[in-house]
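In what follows, a structure is listed as structure tokens, so that the remarks can point back to it.
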Amino acid sequence: MNIIVPIKQVPDLVEELEINADGTDLDREWLKMKLNEFDDHALEEALLMKDESGANVTAIALDGDDIDKALYAAAAKGADRLVKVTGATGNSTHQAAKALANAIQGMDYDLVMTGVQSVDDRDGQLAVILAHYLGNSHVSVVTGVQASGGSVTVQKEYGAGMVAEFEAATPVVLGIQAARETPRYVPVAKVRRAQKSSTIEEVAAGDAAADAGSTVSKMYKPETGAGAEMIDGSAEDQAAKVIEILTQKGVK
Amino acid sequence: MSNQIIVVVEHLKGNIEDITFEMLGKGKEIAGATGGELVALLLGNGADGLAGQLGAADKVIYVDDANLAEYNPQAYCKAVTQIVQANSPKMVLIGNTSMGMDIAGGVSVDANLPFIAYASGIANDGSSVTSSLYGGKMNVDSTPSGDGCIVSVIAGSFPADAGKADGSPSVENATVDVSGLSVTFKQLIEPEGGDVDITQQEILVSVGRGIQSDENLPMAEELAAKLGGAISCSRPIVDSKWLAKTRQVGKSGLKVKPKLYLALGISGAPEHIEGMKDADLIIAVNTDPKAPIFDYAHYGVVQDLFDFIPALSGKL
Ligand SMILES: Cc1cc2nc3c(=O)[nH]c(=O)nc-3n(C[C@H](O)[C@H](O)[C@H](O)COP(=O)(O)OP(=O)(O)OC[C@H]3O[C@@H](n4cnc5c(N)ncnc54)[C@H](O)[C@@H]3O)c2cc1C
Ligand SMILES: Nc1ncnc2c1ncn2[C@@H]1O[C@H](COP(=O)(O)O)[C@@H](O)[C@H]1O
């Protein structure tokens with residue numbers, strides 16, 4: 001079983017986000033990036049399958065800031081092969097999907113497991129778009145994968161804790177919401193060792209012409225605090241005020 | 001391009017999901033402002049009885065096919081694509097739900113149409129769509145280029161009541177080719193019960209990733225007990241296996257409407273907001289003054305929860 005896991009760096013939302021000069025995108029100069037959390041889950045699910053039945057796991061990413069580090073971290077966790085797709089900006093999901101499809105088409109694969117979504121995919125979640133460029137079927141919002149022969153059984157989450165189970169013939173593209181287990185942790189020292197012992201193969205994106213099909217007119221912060229009355233002071237003051245509110249509203 | 005606004009109907013176990021009515025309500029406004037026709041696209045097998053609940057639409061297009069008896073990502077993609085190609089609508093509204101996330105992007109590729117996701121607002125003339133991105137920290141307005149586009153709508157963005165109308169819209173039966181599937185539906189797995197039902201609780205103390213470790217949960221549990229309520233949480237807490245799935249509030253968890261929702265260390269991502277924004281009283285505690293949860297809370301406390309919880313518990 002060959003599993004391909006596309007991974008992506010996203011802005012860390014804990015940091016302050018600033019808007020660029022023309023008001024259409026983030027000011028990316030000082031952004032702190034981190035691996036999309038759902039990619040960590042996709043990689044974990046792939047590695048669990050490898051632990052169970054000996055799959056071969058490839059981590060693939062479009063070239064970009066800090067991406068080598070993310071690929072080496074994947075190797076440190078157990079990915080067998082690292083691929084970097086060069087020459088595509090991937091500034092829309094459709095374009096990223098096209099570039100990844102071009103690269104993946106030339107590879108031997110049974111499963112592609114992406115993160116279910118990320119915080120900046122304005123033109124949609126990549127899994128299904130990639131599947132359609134590849135001509136494969138797909139299932140998204142997946143929380144479990146079991147392989148058997150030429151097919152996989154997957155659990156897909158609906159709302160209210162309801163889960164649907166599907167069987168999909170391979171190759172298939174899956175958007176992973178959560179792995180069965182909490183993603184494994186890897187210490188920095190091990191990532192450094194992986195950096196020395198593994199190589200990143202580079203593949204050219206080829207013709208990745210595709211776009212979002214829409215143009216951004218404006219990016220802006222939603223009215224923070226528009227609804228909330230803010231309670232100031234020390235923790236003690238704030239707690240006292242909260243008690244007052246609860247009493248007043250008859251909750252306590 | 002036609003003047004149609006097509007809403008893809010989402011239904012499960014014989015029930016039409018609220019997102020459908022939310023989109024029909026919004027679709028009606030757009031159709032009204034643009035002189036367009038509002039069409040509900042219903043896919044199923046022996047599901048035509050549901051058309052009676054789609055009275056807000058001018059017309060229902062109904063596709064009956066054995067392969068559509070249960071929701072199937074591949075079959076739905078094929079069916080919606082063919083209907084869209086046959087009707088060239090001005091706009092297609094699909095829920096940004098678990099089901100919709102399988103469909104919208106695929107149709108955009110196969111029908112070669114622009115796709116704008118995470119819509120929380122749509123201009124009535126259809127010219128601009130507002131997407132809620134970066135975990136709810138940024139809004140982005142975009143304009144579709146060319147004719148026709150697909151928009152996926154975040155649940156809870158528009159009032160469902162506006163799209164709820166019984167009646168008998170005209171039903172047009174359509175056939176599509178959904179054969180040759182490589183994905184098959186196996187079964188529905190119902191959620192486990194047994195634990196506390198958080199949808200029935202009047203007071204919820206809800207913890208998010210700000211709680212840092214399961215070792216800190218007792219502190220929040222003690223507060224919940226003192227308030228006479230129960231503990232609930234955001235998704236990462238369940239994914240870390242610190243609390244049961246039955247405690248999860250949000251898109252893939254439960255929708256709650258307690259008298260008090262005390263959010264501790266929850267950022268307020270759209271998927272969480274979906275599940276709790278209708279609570280009577282929302283008080284949010286977060287160290288980040290820009291956390292989107294403060295857009296929905298009635299009262300906001302910028303504070304370290306490890307200082308706030310003991311302070312509040314101490315006064316109860
Ligand atoms: C298909 C899909 C379905 C989903 N369904 C759900 C769902 O049902 N429910 C759900 O919750 N999420 C759901 N999510 C996940 C959602 O997108 C967010 O990832 C999640 O809600 C974030 O949880 P959080 O707010 O606890 O964590 P974070 O976003 O990491 O926020 C943690 C917050 O804690 C604050 N904080 C940190 N330390 C402290 C401290 N000491 N004191 C006070 N505050 C502190 C931080 O400032 C931050 O705002 C879903 C995602 C997808 C893709
Ligand atoms: N530039 C990229 N490089 C590699 N993988 C990507 C890229 N963009 C998206 N993906 C994959 O698609 C998933 C969902 O991203 P998206 O839908 O674009 O937000 C990510 O978690 C990755 O698995």
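By convention here, the chains of the structure tokens are called A, B, ... in the order presented, each chain's residues are numbered starting at 1, and ligands are numbered starting at 1 in the order presented.
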
Inset, instruction - Extract, using only C-alpha atoms, all DNA, RNA and protein residues at most 8 Å from Ile60 in chain A, discarding same-chain residues fewer than 6 positions from it, and format them as a VMD selection string. - result: chain A and resid 4 to 7 71 82 to 85

Show me which bits of chain A are within 6 Å of chain B, counting only C-alpha atoms, as an NGL selection string. :A and (119-120 or 122-124 or 128-129 or 132 or 140 or 158-169 or 182 or 213-221 or 224-231 or 235-236 or 239)

* To do: Please give me, as a PyMOL selection string, the residues lying within 7 Å of ligand 2 when counting only C-alpha atoms and all ligand atoms.
  => chain A and resi 5-8+36+38-39+60-62+90+93+96-97+113-121+124-127

- request: Pick out each residue of range 68-262 of chain B that DSSP on the backbone tags as strand (DSSP E); I need them as a ChimeraX atom specification.
  value: /B:91-95,115-122,129-133,138-144,149-153,170-174,183-189,203-207,230-233,260-262

Range 13-143 of chain B: which residues are alpha helix (DSSP H) by DSSP, as a ChimeraX atom specification?
/B:18-34,73-87,100-110

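With only C-alpha atoms and all ligand atoms as the atoms that count, the residue of A:Glu157, A:Glu18, A:Asp65, A:Asp80 with the shortest distance to ligand 1 is A:Glu157.
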